[in-house]
>>> print(open('my_file_8.txt').read())   # compact mmCIF, N, CA and C atoms and all ligand atoms
# COMPACT_ATOMS: atom_id res chain seq x y z
N MET A 1233 112.52 102.97 111.83
CA MET A 1233 113.14 103.68 112.95
C MET A 1233 112.08 104.54 113.64
N LEU A 1234 111.97 104.41 114.93
CA LEU A 1234 111.01 105.23 115.66
C LEU A 1234 111.78 106.30 116.42
N VAL A 1235 111.49 107.53 116.07
CA VAL A 1235 112.16 108.66 116.70
C VAL A 1235 111.13 109.42 117.50
N ILE A 1236 111.33 109.50 118.80
CA ILE A 1236 110.35 110.20 119.63
C ILE A 1236 110.73 111.67 119.76
N THR A 1237 110.33 112.42 118.76
CA THR A 1237 110.50 113.88 118.81
C THR A 1237 109.19 114.45 118.29
N SER A 1238 109.06 115.75 118.35
CA SER A 1238 107.85 116.36 117.82
C SER A 1238 107.70 115.99 116.34
N LYS A 1239 108.84 115.86 115.64
CA LYS A 1239 108.82 115.50 114.23
C LYS A 1239 108.25 114.09 114.04
N GLY A 1240 108.69 113.15 114.87
CA GLY A 1240 108.22 111.78 114.76
C GLY A 1240 106.72 111.68 114.95
N VAL A 1241 106.24 112.38 115.93
CA VAL A 1241 104.80 112.36 116.22
C VAL A 1241 104.04 112.94 115.03
N PHE A 1242 104.61 113.98 114.44
CA PHE A 1242 103.97 114.61 113.30
C PHE A 1242 103.86 113.65 112.12
N VAL A 1243 104.93 112.86 111.89
CA VAL A 1243 104.92 111.91 110.78
C VAL A 1243 103.82 110.88 110.98
N ILE A 1244 103.69 110.37 112.20
CA ILE A 1244 102.67 109.37 112.48
C ILE A 1244 101.28 109.97 112.27
N PHE A 1245 101.12 111.19 112.73
CA PHE A 1245 99.85 111.89 112.56
C PHE A 1245 99.48 111.99 111.08
N LYS A 1246 100.48 112.38 110.24
CA LYS A 1246 100.21 112.52 108.82
C LYS A 1246 99.76 111.19 108.23
N LYS A 1247 100.42 110.11 108.64
CA LYS A 1247 100.12 108.82 108.03
C LYS A 1247 98.74 108.30 108.41
N LEU A 1248 98.29 108.60 109.62
CA LEU A 1248 96.96 108.16 110.05
C LEU A 1248 95.87 108.74 109.16
N PHE A 1249 96.14 109.93 108.61
CA PHE A 1249 95.11 110.60 107.85
C PHE A 1249 95.24 110.40 106.35
N SER A 1250 96.00 109.37 105.94
CA SER A 1250 96.07 109.04 104.51
C SER A 1250 94.69 108.65 104.02
N ARG A 1251 94.36 109.09 102.83
CA ARG A 1251 93.05 108.77 102.27
C ARG A 1251 93.21 107.73 101.17
N LYS A 1252 92.61 106.59 101.37
CA LYS A 1252 92.74 105.50 100.41
C LYS A 1252 92.03 105.80 99.09
N ASP A 1253 91.04 106.69 99.11
CA ASP A 1253 90.29 106.95 97.88
C ASP A 1253 90.88 108.13 97.09
N CYS A 1254 92.04 108.63 97.51
CA CYS A 1254 92.67 109.75 96.81
C CYS A 1254 93.26 109.26 95.49
N SER A 1255 93.11 110.05 94.44
CA SER A 1255 93.66 109.67 93.14
C SER A 1255 95.10 110.15 92.96
N HIS A 1256 95.68 110.74 94.02
CA HIS A 1256 97.05 111.28 93.99
C HIS A 1256 97.26 112.17 92.76
N PRO A 1257 96.54 113.28 92.69
CA PRO A 1257 96.60 114.13 91.49
C PRO A 1257 97.89 114.95 91.38
N SER A 1258 98.59 115.19 92.47
CA SER A 1258 99.83 115.95 92.39
C SER A 1258 100.79 115.45 93.46
N TYR A 1259 102.07 115.74 93.28
CA TYR A 1259 103.10 115.12 94.10
C TYR A 1259 104.05 116.15 94.68
N LYS A 1260 104.76 115.71 95.72
CA LYS A 1260 105.84 116.55 96.23
C LYS A 1260 107.02 115.64 96.55
N MET A 1261 108.21 116.21 96.43
CA MET A 1261 109.40 115.48 96.80
C MET A 1261 109.90 116.09 98.10
N GLU A 1262 109.99 115.27 99.12
CA GLU A 1262 110.39 115.77 100.43
C GLU A 1262 111.09 114.65 101.19
N ALA A 1263 112.23 114.99 101.82
CA ALA A 1263 112.95 113.98 102.59
C ALA A 1263 112.27 113.77 103.93
N ASP A 1264 112.27 112.53 104.40
CA ASP A 1264 111.78 112.24 105.74
C ASP A 1264 112.51 111.00 106.23
N PHE A 1265 112.45 110.74 107.52
CA PHE A 1265 113.18 109.60 108.08
C PHE A 1265 112.63 108.29 107.52
N SER A 1266 113.51 107.49 106.93
CA SER A 1266 113.17 106.16 106.45
C SER A 1266 111.90 106.11 105.61
N ALA A 1267 111.75 107.08 104.72
CA ALA A 1267 110.58 107.06 103.83
C ALA A 1267 111.07 107.29 102.41
N ASP A 1268 110.29 106.87 101.42
CA ASP A 1268 110.62 107.20 100.04
C ASP A 1268 110.40 108.71 99.85
N PRO A 1269 111.11 109.32 98.89
CA PRO A 1269 111.07 110.79 98.81
C PRO A 1269 109.87 111.39 98.08
N ILE A 1270 108.98 110.57 97.53
CA ILE A 1270 107.84 111.15 96.80
C ILE A 1270 106.52 110.87 97.54
N TRP A 1271 105.75 111.93 97.70
CA TRP A 1271 104.50 111.90 98.47
C TRP A 1271 103.38 112.47 97.62
N CYS A 1272 102.15 112.06 97.93
CA CYS A 1272 101.00 112.73 97.33
C CYS A 1272 100.85 114.06 98.07
N SER A 1273 100.70 115.17 97.31
CA SER A 1273 100.60 116.45 98.00
C SER A 1273 99.19 116.70 98.51
N LYS A 1274 98.24 115.85 98.12
CA LYS A 1274 96.86 116.03 98.59
C LYS A 1274 96.59 115.23 99.87
N CYS A 1275 96.85 113.91 99.83
CA CYS A 1275 96.51 113.08 100.99
C CYS A 1275 97.74 112.75 101.84
N GLU A 1276 98.94 113.19 101.41
CA GLU A 1276 100.18 113.00 102.18
C GLU A 1276 100.67 111.56 102.21
N GLU A 1277 100.10 110.69 101.38
CA GLU A 1277 100.57 109.30 101.39
C GLU A 1277 101.99 109.23 100.84
N ASN A 1278 102.82 108.40 101.49
CA ASN A 1278 104.18 108.17 101.02
C ASN A 1278 104.10 107.12 99.90
N LEU A 1279 104.59 107.48 98.71
CA LEU A 1279 104.40 106.62 97.55
C LEU A 1279 105.66 105.81 97.25
N ASP A 1280 105.47 104.63 96.71
CA ASP A 1280 106.57 103.73 96.41
C ASP A 1280 107.38 104.28 95.24
N ILE A 1281 108.66 104.51 95.49
CA ILE A 1281 109.53 105.11 94.47
C ILE A 1281 109.59 104.22 93.21
N ASP A 1282 109.38 102.93 93.39
CA ASP A 1282 109.43 102.01 92.24
C ASP A 1282 108.26 102.20 91.28
N ASN A 1283 107.24 102.94 91.71
CA ASN A 1283 106.11 103.22 90.81
C ASN A 1283 106.38 104.40 89.88
N PHE A 1284 107.57 105.01 90.03
CA PHE A 1284 107.91 106.13 89.16
C PHE A 1284 109.03 105.73 88.21
N PRO A 1285 108.96 106.20 86.98
CA PRO A 1285 109.97 105.79 85.98
C PRO A 1285 111.31 106.50 86.17
N LEU A 1286 112.03 106.11 87.22
CA LEU A 1286 113.33 106.72 87.50
C LEU A 1286 114.41 105.67 87.32
N SER A 1287 115.59 106.10 86.91
CA SER A 1287 116.69 105.15 86.71
C SER A 1287 117.15 104.60 88.06
N GLU A 1288 117.75 103.41 88.03
CA GLU A 1288 118.27 102.81 89.26
C GLU A 1288 119.30 103.72 89.90
N GLU A 1289 120.09 104.37 89.05
CA GLU A 1289 121.13 105.25 89.55
C GLU A 1289 120.52 106.42 90.33
N LEU A 1290 119.47 107.01 89.76
CA LEU A 1290 118.82 108.14 90.42
C LEU A 1290 118.14 107.69 91.72
N LYS A 1291 117.55 106.51 91.70
CA LYS A 1291 116.91 105.98 92.92
C LYS A 1291 117.95 105.78 94.03
N GLU A 1292 119.14 105.32 93.62
CA GLU A 1292 120.21 105.16 94.61
C GLU A 1292 120.65 106.50 95.19
N GLU A 1293 120.76 107.50 94.31
CA GLU A 1293 121.13 108.83 94.77
C GLU A 1293 120.08 109.39 95.74
N LEU A 1294 118.84 109.11 95.41
CA LEU A 1294 117.75 109.58 96.28
C LEU A 1294 117.79 108.87 97.64
N ALA A 1295 118.08 107.56 97.62
CA ALA A 1295 118.15 106.79 98.86
C ALA A 1295 119.28 107.32 99.75
N GLU A 1296 120.38 107.68 99.10
CA GLU A 1296 121.51 108.22 99.84
C GLU A 1296 121.15 109.57 100.47
N TRP A 1297 120.44 110.36 99.69
CA TRP A 1297 120.00 111.69 100.15
C TRP A 1297 119.05 111.54 101.36
N ILE A 1298 118.13 110.58 101.27
CA ILE A 1298 117.21 110.31 102.39
C ILE A 1298 118.00 109.82 103.61
N GLY A 1299 119.03 108.99 103.34
CA GLY A 1299 119.85 108.46 104.43
C GLY A 1299 120.55 109.54 105.24
N ASP A 1300 120.86 110.65 104.56
CA ASP A 1300 121.55 111.76 105.23
C ASP A 1300 120.58 112.71 105.93
N TYR A 1301 119.29 112.48 105.75
CA TYR A 1301 118.31 113.42 106.29
C TYR A 1301 118.37 113.48 107.82
N GLY A 1302 118.33 114.69 108.34
CA GLY A 1302 118.29 114.85 109.78
C GLY A 1302 119.63 114.73 110.48
N GLU A 1303 120.73 114.62 109.68
CA GLU A 1303 122.08 114.55 110.26
C GLU A 1303 122.38 115.75 111.15
N TRP A 1304 121.66 116.83 110.91
CA TRP A 1304 121.92 118.08 111.64
C TRP A 1304 121.12 118.17 112.94
N ILE A 1305 120.44 117.08 113.27
CA ILE A 1305 119.70 117.05 114.54
C ILE A 1305 120.39 116.08 115.50
N ASP A 1306 120.62 116.51 116.71
CA ASP A 1306 121.14 115.62 117.75
C ASP A 1306 119.95 114.92 118.39
N MET A 1307 119.74 113.65 118.01
CA MET A 1307 118.55 112.92 118.46
C MET A 1307 118.55 112.68 119.98
N GLU A 1308 119.73 112.44 120.53
CA GLU A 1308 119.83 112.20 121.97
C GLU A 1308 119.33 113.40 122.76
N LYS A 1309 119.83 114.57 122.35
CA LYS A 1309 119.49 115.79 123.08
C LYS A 1309 118.27 116.48 122.50
N ASP A 1310 117.81 116.00 121.31
CA ASP A 1310 116.66 116.61 120.65
C ASP A 1310 116.91 118.10 120.38
N THR A 1311 118.10 118.40 119.87
CA THR A 1311 118.43 119.79 119.52
C THR A 1311 119.14 119.82 118.17
N LEU A 1312 119.30 121.02 117.64
CA LEU A 1312 120.09 121.20 116.41
C LEU A 1312 121.56 120.99 116.72
N MET A 1313 122.30 120.33 115.83
CA MET A 1313 123.75 120.21 115.94
C MET A 1313 124.37 121.59 115.70
N PRO A 1314 125.61 121.81 116.20
CA PRO A 1314 126.29 123.07 115.83
C PRO A 1314 126.42 123.12 114.30
N GLY A 1315 126.12 124.26 113.71
CA GLY A 1315 126.16 124.38 112.25
C GLY A 1315 125.04 123.65 111.55
N GLY A 1316 124.04 123.28 112.32
CA GLY A 1316 122.95 122.45 111.80
C GLY A 1316 122.18 123.08 110.64
N LEU A 1317 121.92 124.37 110.76
CA LEU A 1317 121.14 125.02 109.70
C LEU A 1317 121.90 125.03 108.37
N GLU A 1318 123.23 125.16 108.47
CA GLU A 1318 124.05 125.14 107.27
C GLU A 1318 124.01 123.75 106.62
N LEU A 1319 124.11 122.72 107.47
CA LEU A 1319 124.03 121.34 106.96
C LEU A 1319 122.68 121.09 106.30
N GLU A 1320 121.65 121.60 106.93
CA GLU A 1320 120.32 121.41 106.36
C GLU A 1320 120.21 122.13 105.02
N GLY A 1321 120.78 123.34 104.93
CA GLY A 1321 120.77 124.08 103.67
C GLY A 1321 121.46 123.30 102.56
N LYS A 1322 122.57 122.64 102.90
CA LYS A 1322 123.30 121.84 101.91
C LYS A 1322 122.46 120.65 101.47
N HIS A 1323 121.76 120.05 102.43
CA HIS A 1323 120.91 118.90 102.11
C HIS A 1323 119.77 119.34 101.17
N ASP A 1324 119.23 120.51 101.41
CA ASP A 1324 118.18 121.03 100.53
C ASP A 1324 118.71 121.32 99.13
N GLU A 1325 119.95 121.84 99.07
CA GLU A 1325 120.56 122.12 97.77
C GLU A 1325 120.73 120.84 96.97
N ARG A 1326 121.25 119.82 97.64
CA ARG A 1326 121.42 118.51 97.00
C ARG A 1326 120.05 117.97 96.58
N GLY A 1327 119.05 118.18 97.43
CA GLY A 1327 117.69 117.75 97.11
C GLY A 1327 117.18 118.41 95.85
N LEU A 1328 117.47 119.69 95.70
CA LEU A 1328 117.02 120.41 94.50
C LEU A 1328 117.69 119.88 93.23
N GLU A 1329 118.99 119.56 93.36
CA GLU A 1329 119.71 118.96 92.22
C GLU A 1329 119.02 117.67 91.80
N LEU A 1330 118.72 116.83 92.81
CA LEU A 1330 118.08 115.55 92.52
C LEU A 1330 116.67 115.77 91.99
N PHE A 1331 116.00 116.78 92.54
CA PHE A 1331 114.64 117.09 92.10
C PHE A 1331 114.63 117.43 90.60
N ASN A 1332 115.64 118.17 90.16
CA ASN A 1332 115.72 118.52 88.74
C ASN A 1332 115.89 117.27 87.87
N LYS A 1333 116.65 116.29 88.40
CA LYS A 1333 116.80 115.02 87.67
C LYS A 1333 115.47 114.25 87.66
N VAL A 1334 114.78 114.28 88.80
CA VAL A 1334 113.48 113.60 88.89
C VAL A 1334 112.51 114.23 87.89
N LYS A 1335 112.48 115.55 87.87
CA LYS A 1335 111.59 116.27 86.94
C LYS A 1335 111.91 115.93 85.49
N ALA A 1336 113.20 115.88 85.19
CA ALA A 1336 113.61 115.56 83.82
C ALA A 1336 113.16 114.14 83.45
N SER A 1337 113.19 113.22 84.44
CA SER A 1337 112.78 111.84 84.17
C SER A 1337 111.27 111.72 84.00
N LEU A 1338 110.53 112.51 84.77
CA LEU A 1338 109.07 112.37 84.76
C LEU A 1338 108.41 113.23 83.68
N GLY A 1339 109.15 114.21 83.17
CA GLY A 1339 108.59 115.09 82.14
C GLY A 1339 108.23 116.44 82.73
N GLU A 1340 108.41 117.50 81.96
CA GLU A 1340 108.23 118.86 82.48
C GLU A 1340 106.82 119.12 83.02
N GLY A 1341 105.81 118.50 82.41
CA GLY A 1341 104.44 118.80 82.82
C GLY A 1341 104.00 118.02 84.06
N PHE A 1342 104.86 117.16 84.57
CA PHE A 1342 104.47 116.30 85.71
C PHE A 1342 104.28 117.15 86.97
N PRO A 1343 103.10 117.00 87.62
CA PRO A 1343 102.81 117.89 88.76
C PRO A 1343 103.54 117.50 90.05
N ILE A 1344 104.79 117.94 90.14
CA ILE A 1344 105.56 117.63 91.35
C ILE A 1344 106.34 118.87 91.78
N VAL A 1345 106.38 119.11 93.09
CA VAL A 1345 107.13 120.26 93.62
C VAL A 1345 108.14 119.76 94.65
N PHE A 1346 109.14 120.58 94.90
CA PHE A 1346 110.15 120.23 95.90
C PHE A 1346 109.82 120.96 97.21
N VAL A 1347 109.89 120.23 98.32
CA VAL A 1347 109.64 120.83 99.63
C VAL A 1347 110.92 120.75 100.47
N PRO A 1348 111.51 121.90 100.81
CA PRO A 1348 112.72 121.88 101.64
C PRO A 1348 112.42 121.37 103.04
N SER A 1349 113.47 120.94 103.73
CA SER A 1349 113.31 120.40 105.08
C SER A 1349 112.80 121.46 106.06
N PRO A 1350 111.77 121.14 106.84
CA PRO A 1350 111.28 122.09 107.84
C PRO A 1350 111.96 121.90 109.20
N LEU A 1351 112.80 120.86 109.32
CA LEU A 1351 113.35 120.48 110.63
C LEU A 1351 114.05 121.63 111.35
N GLY A 1352 114.97 122.30 110.63
CA GLY A 1352 115.77 123.35 111.24
C GLY A 1352 114.89 124.45 111.83
N GLN A 1353 113.85 124.81 111.09
CA GLN A 1353 112.94 125.86 111.57
C GLN A 1353 112.22 125.41 112.85
N TRP A 1354 111.83 124.12 112.88
CA TRP A 1354 111.14 123.62 114.06
C TRP A 1354 112.04 123.64 115.29
N TYR A 1355 113.31 123.23 115.06
CA TYR A 1355 114.21 123.12 116.20
C TYR A 1355 114.77 124.46 116.65
N LYS A 1356 114.71 125.46 115.75
CA LYS A 1356 115.24 126.77 116.08
C LYS A 1356 114.38 127.45 117.15
N LYS A 1357 113.09 127.09 117.17
CA LYS A 1357 112.15 127.75 118.10
C LYS A 1357 112.47 127.45 119.56
ZN ZN A 1401 96.77 111.12 97.42
>>> encode(input="my_file_8.txt", output="structure tokens", more="lines below")
Ligand SMILES: [Zn+2]
Amino acid sequence: MLVITSKGVFVIFKKLFSRKDCSHPSYKMEADFSADPIWCSKCEENLDIDNFPLSEELKEELAEWIGDYGEWIDMEKDTLMPGGLELEGKHDERGLELFNKVKASLGEGFPIVFVPSPLGQWYKK
């Protein structure tokens, strides 16, 4: 899906600067449009969820969570929906629940952090 907003341009920018020689030493879980939820926190590469030892059930829950991402943005008008920040807060809460399951699956010492959605803050300006 190609979304022409400041967010869309930002995503493309991030991907252009992926570093192929990065060893992906640490990770972050962050929702984005039509992307898997786990990224390298160093080179920003979007990583294949199938490379992580997660249950099919958890992967489905994550896919659903990603599918709901950005529901609080009116793409036509490129503005926040009414109550958008609240919706985004709920999405982040659900993300944290899933993040705790991801952490439990990967092990406590696994270097991964959760990144809440920045969309609402961007659109609020
Ligand atoms: Zn990397």
>>> residues_around(input="my_file_8.txt", residues="Val1345 (chain A)", least_positions_apart="2", cutoff="6.5 Å", atoms="all atoms listed in the file", output="VMD selection string")
chain A and resid 1259 to 1261 1343 1347
>>> residues_near_ligand(input="my_file_8.txt", ligand="ligand ZN 1401 (chain A)", cutoff="6.5 Å", atoms="all atoms listed in the file", output="list in words")
Arg1251, Cys1254, Ser1255, His1256, Pro1257, Cys1272, Ser1273, Lys1274, Cys1275, Glu1276 and Glu1277 of chain A
>>> write_last_selection(input="my_file_8.txt", atoms="N, CA and C atoms", output="short mmCIF file (atom, residue, chain, number, x, y, z; two decimals), in the frame of the given file")
data_model
loop_
_atom_site.label_atom_id
_atom_site.label_comp_id
_atom_site.auth_asym_id
_atom_site.auth_seq_id
_atom_site.Cartn_x
_atom_site.Cartn_y
_atom_site.Cartn_z
N ARG A 1251 94.36 109.09 102.83
CA ARG A 1251 93.05 108.77 102.27
C ARG A 1251 93.21 107.73 101.17
N CYS A 1254 92.04 108.63 97.51
CA CYS A 1254 92.67 109.75 96.81
C CYS A 1254 93.26 109.26 95.49
N SER A 1255 93.11 110.05 94.44
CA SER A 1255 93.66 109.67 93.14
C SER A 1255 95.10 110.15 92.96
N HIS A 1256 95.68 110.74 94.02
CA HIS A 1256 97.05 111.28 93.99
C HIS A 1256 97.26 112.17 92.76
N PRO A 1257 96.54 113.28 92.69
CA PRO A 1257 96.60 114.13 91.49
C PRO A 1257 97.89 114.95 91.38
N CYS A 1272 102.15 112.06 97.93
CA CYS A 1272 101.00 112.73 97.33
C CYS A 1272 100.85 114.06 98.07
N SER A 1273 100.70 115.17 97.31
CA SER A 1273 100.60 116.45 98.00
C SER A 1273 99.19 116.70 98.51
N LYS A 1274 98.24 115.85 98.12
CA LYS A 1274 96.86 116.03 98.59
C LYS A 1274 96.59 115.23 99.87
N CYS A 1275 96.85 113.91 99.83
CA CYS A 1275 96.51 113.08 100.99
C CYS A 1275 97.74 112.75 101.84
N GLU A 1276 98.94 113.19 101.41
CA GLU A 1276 100.18 113.00 102.18
C GLU A 1276 100.67 111.56 102.21
N GLU A 1277 100.10 110.69 101.38
CA GLU A 1277 100.57 109.30 101.39
C GLU A 1277 101.99 109.23 100.84
#
>>> closest_residue(input="my_file_8.txt", among="A:Asn1283, A:Glu1262, A:Trp1304, A:Ala1267", to="Phe1331 (chain A)", atoms="only C-alpha atoms")
A:Glu1262
>>> residues_near_point(input="my_file_8.txt", point="(117.7, 128.5, 106.9)", cutoff="12 Å", atoms="only C-alpha atoms", output="list in words")
Gly1315, Gly1316, Leu1317, Glu1318, Leu1319, Glu1320, Gly1321, Lys1322, His1323, Asp1324, Glu1325, Pro1348, Ser1349, Pro1350, Leu1351, Gly1352, Gln1353, Trp1354, Tyr1355 and Lys1356 of chain A
>>> atom_distance(input="my_file_8.txt", atom1="atom C of Asp1264 (chain A)", atom2="CA of Glu1340 (chain A)")
25.4 Å
>>> select_by_dssp(input="my_file_8.txt", residues="chain A", states="strand (DSSP E)", output="ChimeraX atom specification")
/A:1259-1261,1270-1272,1305-1306,1311-1312,1344-1346
>>> write_last_selection(input="my_file_8.txt", atoms="N, CA and C atoms", output="compact mmCIF listing (two decimals), in the frame of the given file")
# COMPACT_ATOMS: atom_id res chain seq x y z
N TYR A 1259 102.07 115.74 93.28
CA TYR A 1259 103.10 115.12 94.10
C TYR A 1259 104.05 116.15 94.68
N LYS A 1260 104.76 115.71 95.72
CA LYS A 1260 105.84 116.55 96.23
C LYS A 1260 107.02 115.64 96.55
N MET A 1261 108.21 116.21 96.43
CA MET A 1261 109.40 115.48 96.80
C MET A 1261 109.90 116.09 98.10
N ILE A 1270 108.98 110.57 97.53
CA ILE A 1270 107.84 111.15 96.80
C ILE A 1270 106.52 110.87 97.54
N TRP A 1271 105.75 111.93 97.70
CA TRP A 1271 104.50 111.90 98.47
C TRP A 1271 103.38 112.47 97.62
N CYS A 1272 102.15 112.06 97.93
CA CYS A 1272 101.00 112.73 97.33
C CYS A 1272 100.85 114.06 98.07
N ILE A 1305 120.44 117.08 113.27
CA ILE A 1305 119.70 117.05 114.54
C ILE A 1305 120.39 116.08 115.50
N ASP A 1306 120.62 116.51 116.71
CA ASP A 1306 121.14 115.62 117.75
C ASP A 1306 119.95 114.92 118.39
N THR A 1311 118.10 118.40 119.87
CA THR A 1311 118.43 119.79 119.52
C THR A 1311 119.14 119.82 118.17
N LEU A 1312 119.30 121.02 117.64
CA LEU A 1312 120.09 121.20 116.41
C LEU A 1312 121.56 120.99 116.72
N ILE A 1344 104.79 117.94 90.14
CA ILE A 1344 105.56 117.63 91.35
C ILE A 1344 106.34 118.87 91.78
N VAL A 1345 106.38 119.11 93.09
CA VAL A 1345 107.13 120.26 93.62
C VAL A 1345 108.14 119.76 94.65
N PHE A 1346 109.14 120.58 94.90
CA PHE A 1346 110.15 120.23 95.90
C PHE A 1346 109.82 120.96 97.21
>>> select_by_dssp(input="my_file_8.txt", residues="region 1239-1327 of chain A", states="alpha helix (DSSP H)", output="mmCIF file with N, CA and C atoms, keeping the file's coordinate frame")
data_model
loop_
_atom_site.group_PDB
_atom_site.id
_atom_site.type_symbol
_atom_site.label_atom_id
_atom_site.label_comp_id
_atom_site.auth_asym_id
_atom_site.auth_seq_id
_atom_site.Cartn_x
_atom_site.Cartn_y
_atom_site.Cartn_z
ATOM 1 N N LYS A 1239 108.840 115.860 115.640
ATOM 2 C CA LYS A 1239 108.820 115.500 114.230
ATOM 3 C C LYS A 1239 108.250 114.090 114.040
ATOM 4 N N GLY A 1240 108.690 113.150 114.870
ATOM 5 C CA GLY A 1240 108.220 111.780 114.760
ATOM 6 C C GLY A 1240 106.720 111.680 114.950
ATOM 7 N N VAL A 1241 106.240 112.380 115.930
ATOM 8 C CA VAL A 1241 104.800 112.360 116.220
ATOM 9 C C VAL A 1241 104.040 112.940 115.030
ATOM 10 N N PHE A 1242 104.610 113.980 114.440
ATOM 11 C CA PHE A 1242 103.970 114.610 113.300
ATOM 12 C C PHE A 1242 103.860 113.650 112.120
ATOM 13 N N VAL A 1243 104.930 112.860 111.890
ATOM 14 C CA VAL A 1243 104.920 111.910 110.780
ATOM 15 C C VAL A 1243 103.820 110.880 110.980
ATOM 16 N N ILE A 1244 103.690 110.370 112.200
ATOM 17 C CA ILE A 1244 102.670 109.370 112.480
ATOM 18 C C ILE A 1244 101.280 109.970 112.270
ATOM 19 N N PHE A 1245 101.120 111.190 112.730
ATOM 20 C CA PHE A 1245 99.850 111.890 112.560
ATOM 21 C C PHE A 1245 99.480 111.990 111.080
ATOM 22 N N LYS A 1246 100.480 112.380 110.240
ATOM 23 C CA LYS A 1246 100.210 112.520 108.820
ATOM 24 C C LYS A 1246 99.760 111.190 108.230
ATOM 25 N N LYS A 1247 100.420 110.110 108.640
ATOM 26 C CA LYS A 1247 100.120 108.820 108.030
ATOM 27 C C LYS A 1247 98.740 108.300 108.410
ATOM 28 N N LEU A 1248 98.290 108.600 109.620
ATOM 29 C CA LEU A 1248 96.960 108.160 110.050
ATOM 30 C C LEU A 1248 95.870 108.740 109.160
ATOM 31 N N GLU A 1288 117.750 103.410 88.030
ATOM 32 C CA GLU A 1288 118.270 102.810 89.260
ATOM 33 C C GLU A 1288 119.300 103.720 89.900
ATOM 34 N N GLU A 1289 120.090 104.370 89.050
ATOM 35 C CA GLU A 1289 121.130 105.250 89.550
ATOM 36 C C GLU A 1289 120.520 106.420 90.330
ATOM 37 N N LEU A 1290 119.470 107.010 89.760
ATOM 38 C CA LEU A 1290 118.820 108.140 90.420
ATOM 39 C C LEU A 1290 118.140 107.690 91.720
ATOM 40 N N LYS A 1291 117.550 106.510 91.700
ATOM 41 C CA LYS A 1291 116.910 105.980 92.920
ATOM 42 C C LYS A 1291 117.950 105.780 94.030
ATOM 43 N N GLU A 1292 119.140 105.320 93.620
ATOM 44 C CA GLU A 1292 120.210 105.160 94.610
ATOM 45 C C GLU A 1292 120.650 106.500 95.190
ATOM 46 N N GLU A 1293 120.760 107.500 94.310
ATOM 47 C CA GLU A 1293 121.130 108.830 94.770
ATOM 48 C C GLU A 1293 120.080 109.390 95.740
ATOM 49 N N LEU A 1294 118.840 109.110 95.410
ATOM 50 C CA LEU A 1294 117.750 109.580 96.280
ATOM 51 C C LEU A 1294 117.790 108.870 97.640
ATOM 52 N N ALA A 1295 118.080 107.560 97.620
ATOM 53 C CA ALA A 1295 118.150 106.790 98.860
ATOM 54 C C ALA A 1295 119.280 107.320 99.750
ATOM 55 N N GLU A 1296 120.380 107.680 99.100
ATOM 56 C CA GLU A 1296 121.510 108.220 99.840
ATOM 57 C C GLU A 1296 121.150 109.570 100.470
ATOM 58 N N TRP A 1297 120.440 110.360 99.690
ATOM 59 C CA TRP A 1297 120.000 111.690 100.150
ATOM 60 C C TRP A 1297 119.050 111.540 101.360
ATOM 61 N N ILE A 1298 118.130 110.580 101.270
ATOM 62 C CA ILE A 1298 117.210 110.310 102.390
ATOM 63 C C ILE A 1298 118.000 109.820 103.610
ATOM 64 N N GLY A 1299 119.030 108.990 103.340
ATOM 65 C CA GLY A 1299 119.850 108.460 104.430
ATOM 66 C C GLY A 1299 120.550 109.540 105.240
ATOM 67 N N GLY A 1316 124.040 123.280 112.320
ATOM 68 C CA GLY A 1316 122.950 122.450 111.800
ATOM 69 C C GLY A 1316 122.180 123.080 110.640
ATOM 70 N N LEU A 1317 121.920 124.370 110.760
ATOM 71 C CA LEU A 1317 121.140 125.020 109.700
ATOM 72 C C LEU A 1317 121.900 125.030 108.370
ATOM 73 N N GLU A 1318 123.230 125.160 108.470
ATOM 74 C CA GLU A 1318 124.050 125.140 107.270
ATOM 75 C C GLU A 1318 124.010 123.750 106.620
ATOM 76 N N LEU A 1319 124.110 122.720 107.470
ATOM 77 C CA LEU A 1319 124.030 121.340 106.960
ATOM 78 C C LEU A 1319 122.680 121.090 106.300
ATOM 79 N N GLU A 1320 121.650 121.600 106.930
ATOM 80 C CA GLU A 1320 120.320 121.410 106.360
ATOM 81 C C GLU A 1320 120.210 122.130 105.020
ATOM 82 N N GLY A 1321 120.780 123.340 104.930
ATOM 83 C CA GLY A 1321 120.770 124.080 103.670
ATOM 84 C C GLY A 1321 121.460 123.300 102.560
ATOM 85 N N LYS A 1322 122.570 122.640 102.900
ATOM 86 C CA LYS A 1322 123.300 121.840 101.910
ATOM 87 C C LYS A 1322 122.460 120.650 101.470
ATOM 88 N N HIS A 1323 121.760 120.050 102.430
ATOM 89 C CA HIS A 1323 120.910 118.900 102.110
ATOM 90 C C HIS A 1323 119.770 119.340 101.170
ATOM 91 N N ASP A 1324 119.230 120.510 101.410
ATOM 92 C CA ASP A 1324 118.180 121.030 100.530
ATOM 93 C C ASP A 1324 118.710 121.320 99.130
ATOM 94 N N GLU A 1325 119.950 121.840 99.070
ATOM 95 C CA GLU A 1325 120.560 122.120 97.770
ATOM 96 C C GLU A 1325 120.730 120.840 96.970
ATOM 97 N N ARG A 1326 121.250 119.820 97.640
ATOM 98 C CA ARG A 1326 121.420 118.510 97.000
ATOM 99 C C ARG A 1326 120.050 117.970 96.580
ATOM 100 N N GLY A 1327 119.050 118.180 97.430
ATOM 101 C CA GLY A 1327 117.690 117.750 97.110
ATOM 102 C C GLY A 1327 117.180 118.410 95.850
#
>>> atom_distance(input="my_file_8.txt", atom1="atom N of Ala1295 (chain A)", atom2="atom C of Asn1278 (chain A)")
14.2 Å
>>> atom_distance(input="my_file_8.txt", atom1="CA of Met1307 (chain A)", atom2="atom C of Pro1269 (chain A)")
22.2 Å
>>> axis_aligned_box(input="my_file_8.txt", around="region 1264-1267 of chain A", padding_each_side="5 Å", output="lines of an AutoDock Vina configuration file")
center_x = 112.0
center_y = 109.3
center_z = 105.2
size_x = 12.9
size_y = 16.4
size_z = 15.7
>>> closest_residue(input="my_file_8.txt", among="A:Glu1292, A:Pro1314, A:Phe1346, A:Leu1338", to="Trp1271 (chain A)", atoms="only C-alpha atoms")
A:Phe1346
